[in-house]
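Text of the file my_file_21.cif, holding mmCIF, C-alpha atoms:
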data_target
loop_
_atom_site.label_atom_id
_atom_site.label_comp_id
_atom_site.auth_asym_id
_atom_site.auth_seq_id
_atom_site.Cartn_x
_atom_site.Cartn_y
_atom_site.Cartn_z
CA MET L 1 58.49 31.30 51.49
CA LEU L 2 61.42 32.12 53.76
CA ALA L 3 59.07 31.58 56.69
CA VAL L 4 58.20 28.07 55.45
CA ALA L 5 61.89 27.17 55.20
CA ARG L 6 62.56 28.78 58.59
CA ARG L 7 59.85 26.72 60.24
CA LEU L 8 61.14 23.47 58.79
CA LEU L 9 64.85 24.07 59.27
CA GLY L 10 64.76 25.93 62.58
CA ASN L 11 67.33 28.61 61.79
CA ASP L 12 67.71 31.63 59.53
CA ASP L 13 70.98 30.70 57.79
CA ASP L 14 69.74 27.31 56.58
CA ALA L 15 66.42 28.87 55.60
CA ARG L 16 68.13 31.43 53.36
CA GLU L 17 70.29 28.70 51.79
CA CYS L 18 67.14 26.64 51.25
CA ILE L 19 65.36 29.51 49.49
CA GLN L 20 68.32 30.08 47.18
CA ASP L 21 68.42 26.37 46.29
CA ALA L 22 64.64 26.18 45.92
CA TYR L 23 64.44 29.18 43.60
CA LEU L 24 67.29 27.76 41.55
CA ALA L 25 65.35 24.47 41.40
CA ALA L 26 62.28 26.45 40.30
CA PHE L 27 64.20 27.73 37.26
CA THR L 28 65.56 24.31 36.35
CA LYS L 29 62.06 22.82 36.69
CA ALA L 30 60.32 25.70 34.92
CA GLU L 31 58.82 23.33 32.36
CA MET L 32 56.78 21.76 35.19
CA PHE L 33 55.21 25.11 36.13
CA GLU L 34 51.62 24.83 34.99
CA GLY L 35 50.42 28.41 35.18
CA ARG L 36 50.25 31.48 37.35
CA SER L 37 47.27 30.27 39.37
CA ALA L 38 49.33 27.45 40.88
CA TYR L 39 52.68 29.16 41.29
CA ARG L 40 52.38 29.64 45.03
CA THR L 41 51.49 26.00 45.66
CA TRP L 42 54.14 24.88 43.20
CA LEU L 43 56.89 26.99 44.79
CA HIS L 44 55.71 26.06 48.27
CA ARG L 45 56.18 22.39 47.40
CA ILE L 46 59.65 23.03 45.97
CA VAL L 47 60.68 24.91 49.12
CA VAL L 48 59.37 22.09 51.34
CA ASN L 49 61.16 19.46 49.25
CA THR L 50 64.41 21.43 49.32
CA ALA L 51 64.17 21.87 53.10
CA LEU L 52 63.49 18.16 53.56
CA GLY L 53 66.54 17.37 51.42
CA MET L 54 68.64 19.54 53.72
CA LEU L 55 67.16 17.77 56.77
CA ARG L 56 68.05 14.39 55.26
CA LYS L 57 71.66 15.51 54.88
CA ARG L 58 71.65 16.64 58.49
CA LYS L 59 70.20 13.26 59.52
CA GLN L 60 73.16 11.53 57.89
CA ARG L 61 75.34 13.58 60.24
CA GLY L 62 73.30 12.25 63.19
CA THR L 63 69.90 13.34 64.49
CA PRO L 64 69.35 13.81 68.23
CA SER L 65 66.76 11.52 69.79
CA VAL L 66 63.40 12.73 71.06
CA ASP L 67 63.30 10.02 73.74
CA GLY L 68 64.15 12.35 76.63
CA LEU L 69 61.17 14.54 75.74
CA LEU L 70 58.50 11.85 75.73
CA PRO L 71 55.94 11.25 78.52
CA GLU L 72 57.20 9.28 81.51
CA PHE L 73 55.38 6.56 83.43
CA ASP L 74 56.05 4.60 86.60
CA GLY L 75 56.09 0.79 86.80
CA ASN L 76 52.28 0.74 86.97
CA GLY L 77 51.89 2.80 83.79
CA CYS L 78 50.89 5.95 85.70
CA ARG L 79 52.14 9.36 84.58
CA ILE L 80 55.09 10.89 86.43
CA GLU L 81 55.64 14.38 85.08
CA PRO L 82 54.89 17.94 86.10
CA MET L 83 51.42 19.05 85.18
CA TRP L 84 51.26 22.39 83.42
CA GLN L 85 48.35 24.52 84.59
CA PHE L 86 47.29 27.56 82.64
CA GLU L 87 46.59 30.82 84.36
CA GLU L 88 45.46 32.74 81.29
CA SER L 89 43.65 32.03 78.06
CA LEU L 90 45.51 30.92 74.96
CA GLU L 91 44.63 34.18 73.22
CA LYS L 92 45.94 36.25 76.13
CA SER L 93 49.17 34.23 76.31
CA MET L 94 49.83 34.53 72.59
CA GLU L 95 49.56 38.31 72.75
CA ARG L 96 52.83 38.31 74.72
CA GLU L 97 56.05 38.53 72.70
CA ASP L 98 58.01 36.54 75.30
CA VAL L 99 55.52 33.66 75.05
CA ARG L 100 55.67 33.68 71.24
CA ASN L 101 59.47 33.61 71.41
CA THR L 102 59.37 30.73 73.89
CA VAL L 103 57.08 28.72 71.63
CA ARG L 104 59.26 29.39 68.54
CA THR L 105 62.38 28.40 70.48
CA ALA L 106 60.71 25.19 71.67
CA ILE L 107 59.69 24.24 68.11
CA ASP L 108 63.22 24.99 66.88
CA ALA L 109 64.60 22.76 69.65
CA LEU L 110 62.74 19.68 68.40
CA PRO L 111 64.88 17.13 66.58
CA ASP L 112 64.79 17.79 62.82
CA LEU L 113 62.52 15.00 61.63
CA TYR L 114 60.01 15.60 64.40
CA ARG L 115 59.95 19.36 63.82
CA ALA L 116 59.47 18.74 60.10
CA VAL L 117 56.44 16.51 60.66
CA LEU L 118 54.94 18.90 63.23
CA VAL L 119 55.39 21.87 60.90
CA MET L 120 54.04 20.09 57.83
CA ARG L 121 50.99 18.64 59.61
CA ASP L 122 50.06 21.31 62.16
CA ILE L 123 51.32 24.50 60.53
CA GLU L 124 51.43 23.91 56.76
CA GLU L 125 48.35 21.66 57.08
CA PHE L 126 49.53 18.91 54.73
CA SER L 127 47.62 15.64 55.06
CA ALA L 128 49.31 12.63 56.66
CA ALA L 129 49.42 11.00 53.22
CA GLU L 130 51.13 14.07 51.70
CA VAL L 131 53.72 14.13 54.49
CA ALA L 132 54.30 10.39 54.11
CA ALA L 133 54.92 10.87 50.37
CA LEU L 134 57.28 13.81 50.95
CA LEU L 135 59.26 11.88 53.56
CA LYS L 136 59.12 8.65 51.55
CA THR L 137 57.60 6.79 54.46
CA ASN L 138 54.13 5.56 55.46
CA ILE L 139 51.17 7.13 57.29
CA PRO L 140 51.61 5.20 60.60
CA VAL L 141 55.21 6.48 60.83
CA VAL L 142 54.01 10.04 60.19
CA LYS L 143 51.33 9.69 62.89
CA THR L 144 53.81 8.32 65.42
CA ARG L 145 56.28 11.13 64.68
CA LEU L 146 53.56 13.78 64.90
CA HIS L 147 52.37 12.50 68.27
CA ARG L 148 55.93 12.34 69.61
CA ALA L 149 56.68 15.81 68.27
CA ARG L 150 53.60 17.25 69.95
CA ALA L 151 54.36 15.43 73.21
CA ALA L 152 57.96 16.70 73.07
CA LEU L 153 56.78 20.26 72.37
CA LYS L 154 54.47 20.01 75.37
CA LYS L 155 57.35 18.86 77.56
CA LEU L 156 59.60 21.68 76.36
CA LEU L 157 56.88 24.27 77.02
CA GLU L 158 56.05 22.68 80.36
CA ALA L 159 59.70 23.06 81.38
CA GLN L 160 59.41 26.79 80.68
CA TRP L 161 56.23 26.92 82.76
CA THR L 162 58.02 25.11 85.62
CA ARG L 163 60.71 27.83 85.52
CA GLY L 164 57.99 30.47 85.63
CA GLU L 165 58.76 31.63 82.11
CA LEU L 166 55.46 30.77 80.48
CA MET K 1 40.76 -0.23 82.23
CA LEU K 2 43.60 1.51 80.41
CA THR K 3 46.76 2.63 82.15
CA CYS K 4 48.07 6.14 81.40
CA ALA K 5 50.83 4.53 79.30
CA GLU K 6 48.24 2.69 77.21
CA PHE K 7 46.09 5.83 76.99
CA GLU K 8 49.07 7.60 75.40
CA ALA K 9 48.94 5.40 72.31
CA PHE K 10 45.42 6.58 71.45
CA VAL K 11 45.78 10.34 71.95
CA LEU K 12 46.44 11.30 68.32
CA ASP K 13 43.64 9.17 66.88
CA TYR K 14 41.26 10.45 69.57
CA LEU K 15 41.97 14.07 68.70
CA GLU K 16 41.68 13.35 64.98
CA GLY K 17 38.32 11.64 65.57
CA SER K 18 39.56 8.42 64.02
CA LEU K 19 39.27 6.08 67.00
CA PRO K 20 36.72 3.29 66.51
CA ALA K 21 33.70 3.59 68.80
CA THR K 22 34.75 0.91 71.29
CA GLN K 23 38.28 2.24 71.68
CA ARG K 24 36.92 5.77 71.94
CA ALA K 25 34.62 4.70 74.78
CA ILE K 26 37.51 2.99 76.60
CA PHE K 27 39.70 6.06 76.07
CA LYS K 28 37.01 8.42 77.39
CA MET K 29 36.38 6.20 80.40
CA HIS K 30 40.05 6.49 81.39
CA LEU K 31 39.98 10.22 80.71
CA PHE K 32 36.91 10.62 82.91
CA VAL K 33 38.56 9.07 85.98
CA CYS K 34 42.23 10.08 85.53
CA LYS K 35 43.07 13.66 86.53
CA ASP K 36 46.66 13.30 85.32
CA CYS K 37 45.54 12.33 81.83
CA GLN K 38 42.96 15.13 81.82
CA ARG K 39 45.73 17.63 82.59
CA TYR K 40 48.09 15.92 80.15
CA LEU K 41 45.58 16.08 77.31
CA ALA K 42 44.78 19.74 78.07
CA ALA K 43 48.51 20.61 78.01
CA TYR K 44 49.02 18.60 74.80
CA VAL K 45 46.15 20.40 73.08
CA ARG K 46 47.39 23.75 74.42
CA SER K 47 50.89 23.07 73.04
CA VAL K 48 49.52 22.25 69.59
CA ALA K 49 47.37 25.39 69.67
CA MET K 50 50.34 27.54 70.73
CA GLY K 51 52.43 26.13 67.90
CA LYS K 52 49.71 26.98 65.41
CA ALA K 53 49.03 30.39 66.92
CA VAL K 54 52.66 31.50 66.90
CA PHE K 55 52.77 31.17 63.13
CA LYS K 56 49.67 33.27 62.74
CA ASP K 57 51.92 36.10 63.83
CA PRO K 58 52.05 38.33 60.72
CA SER K 59 55.86 38.46 60.86
CA MET K 60 55.98 34.66 60.46
CA ALA K 61 53.09 34.18 58.06
CA VAL K 62 53.62 32.71 54.63
CA PRO K 63 53.26 35.55 52.13
CA GLU K 64 50.33 35.20 49.78
CA ASP K 65 52.41 36.35 46.85
CA VAL K 66 55.66 35.09 45.49
CA PRO K 67 57.85 38.00 44.31
CA GLU K 68 56.56 39.15 40.91
CA ASP K 69 60.05 39.30 39.40
CA LEU K 70 60.55 35.66 40.33
CA VAL K 71 57.29 34.65 38.64
CA GLN K 72 58.27 36.62 35.53
CA ALA K 73 61.69 34.98 35.49
CA ILE K 74 60.19 31.49 35.78
CA LEU K 75 57.67 32.25 33.04
CA ALA K 76 60.52 33.53 30.85
CA ALA K 77 62.53 30.38 31.57
CA LYS K 78 59.50 28.26 30.68
CA LYS K 79 59.03 30.11 27.37
CA ALA K 80 62.71 29.66 26.57
CA GLU K 81 62.42 25.85 26.86
#
Please express the file's structure as structure tokens.
Amino acid sequence: MLAVARRLLGNDDDARECIQDAYLAAFTKAEMFEGRSAYRTWLHRIVVNTALGMLRKRKQRGTPSVDGLLPEFDGNGCRIEPMWQFEESLEKSMEREDVRNTVRTAIDALPDLYRAVLVMRDIEEFSAAEVAALLKTNIPVVKTRLHRARAALKKLLEAQWTRGEL
Amino acid sequence: MLTCAEFEAFVLDYLEGSLPATQRAIFKMHLFVCKDCQRYLAAYVRSVAMGKAVFKDPSMAVPEDVPEDLVQAILAAKKAE
């Protein structure tokens, strides 16, 4: 569960705080626990909700924009950005610890709300409707944020490739 | 014919297989002729795959089991209600 919180919050300290709060919430909501078979799903949801609550508080303190990480186009609508070319297979790349660290760092560098949507959709595999409900928004907003988060992740990774670090 | 900027708006729905047939055909036509968008889409898909793959790392995986003492404590709290 710490890993779920870590993915959503992007740092270890907040993740540990989240787990403490989530487990406390689990005790206070014990009457809603419907049996051992569902405890993992139930706790998972509490951890995600607690992490999202922490992200909302951070948002009130100001969330950085993702605009500088989105695709760029010239006046004719043509792409103007470096084009990442892969020299090894995905499997081969992911065997390398430095690559895994680079990818984790890039995900952590995404603005909170975008990282949260990317993690919930692509990693935790929640549906768009589930994410919309958790974030109290609608599916089109979730889809837009997911696309922007992925595009931003690509740009962050591409920057590492440009520096020869990926 | 789509521009690359217009192509961008359809990427997510294309990958999720939710583009209507006509839009999908227009999208694929642009993809067929535009090398930049071919490379962009490949890098986008690669980034998503890397994000997924990094969390398959056993050190970052979600544990299958919640600590047993926690489960027992929650069950005890539930009984005490």
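Between CA of Arg6 (chain L) and CA of Lys56 (chain K) the interatomic distance comes to 14.3 Å.
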Would you kindly translate the PyMOL selection byres ((chain L) within 7 of (chain K)) into the concrete residues it picks from this file, as an mmCIF file with C-alpha atoms, in the frame of the given file?
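For reference, part_33.cif as written:
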data_model
loop_
_atom_site.group_PDB
_atom_site.id
_atom_site.type_symbol
_atom_site.label_atom_id
_atom_site.label_comp_id
_atom_site.auth_asym_id
_atom_site.auth_seq_id
_atom_site.Cartn_x
_atom_site.Cartn_y
_atom_site.Cartn_z
ATOM 1 C CA MET L 1 58.490 31.300 51.490
ATOM 2 C CA ALA L 3 59.070 31.580 56.690
ATOM 3 C CA VAL L 4 58.200 28.070 55.450
ATOM 4 C CA PHE L 27 64.200 27.730 37.260
ATOM 5 C CA ALA L 30 60.320 25.700 34.920
ATOM 6 C CA GLU L 31 58.820 23.330 32.360
ATOM 7 C CA ARG L 40 52.380 29.640 45.030
ATOM 8 C CA PHE L 73 55.380 6.560 83.430
ATOM 9 C CA GLY L 77 51.890 2.800 83.790
ATOM 10 C CA CYS L 78 50.890 5.950 85.700
ATOM 11 C CA ARG L 79 52.140 9.360 84.580
ATOM 12 C CA MET L 83 51.420 19.050 85.180
ATOM 13 C CA TRP L 84 51.260 22.390 83.420
ATOM 14 C CA ARG L 100 55.670 33.680 71.240
ATOM 15 C CA VAL L 103 57.080 28.720 71.630
ATOM 16 C CA ASP L 122 50.060 21.310 62.160
ATOM 17 C CA ILE L 123 51.320 24.500 60.530
ATOM 18 C CA HIS L 147 52.370 12.500 68.270
ATOM 19 C CA ARG L 150 53.600 17.250 69.950
ATOM 20 C CA ALA L 151 54.360 15.430 73.210
ATOM 21 C CA LEU L 153 56.780 20.260 72.370
ATOM 22 C CA LYS L 154 54.470 20.010 75.370
#
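Going from CA of Val141 (chain L) over to CA of Ala128 (chain L), you cover 9.5 Å.
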>> When you look at Arg121 (chain L) with a cut-off of 10 Å (counting only C-alpha atoms), what residues show up, excluding the ones that are within fewer than 5 positions of it in the same chain? I need them as a PyMOL selection string.
In response: chain L and resi 115-116+126-128+130-131+142-143+146
Export of prior selection with C-alpha atoms as a compact mmCIF listing (two decimals), in the coordinates of the input:
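Result written to selection11.txt:
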# COMPACT_ATOMS: atom_id res chain seq x y z
CA ARG L 115 59.95 19.36 63.82
CA ALA L 116 59.47 18.74 60.10
CA PHE L 126 49.53 18.91 54.73
CA SER L 127 47.62 15.64 55.06
CA ALA L 128 49.31 12.63 56.66
CA GLU L 130 51.13 14.07 51.70
CA VAL L 131 53.72 14.13 54.49
CA VAL L 142 54.01 10.04 60.19
CA LYS L 143 51.33 9.69 62.89
CA LEU L 146 53.56 13.78 64.90
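Picture a line from CA of Leu52 (chain L) to CA of Tyr39 (chain L); it runs 19.7 Å.
Taking only C-alpha atoms into account, the residues near (63.8, 20.4, 60.9), no farther than 7 Å, are Leu8, Leu9, Gly10, Leu55, Pro111, Asp112, Leu113, Arg115 and Ala116 of chain L.
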> Which one is closest to Val99 (chain L): L:Ile80, L:Leu166, L:Val48, L:Val117? Count all atoms listed in the file.
Replying inline: L:Leu166
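With distances taken over all atoms listed in the file, L:Tyr114 is the one residue among L:Glu97, L:Tyr114, L:Gln20, L:Gly164 lying closest to Thr144 (chain L).
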> Nearest to Ile19 (chain L) among L:Val66, L:Arg45, L:Ala51, L:Val119, with distances taken over all atoms listed in the file: which residue is it?
Replying inline: L:Ala51
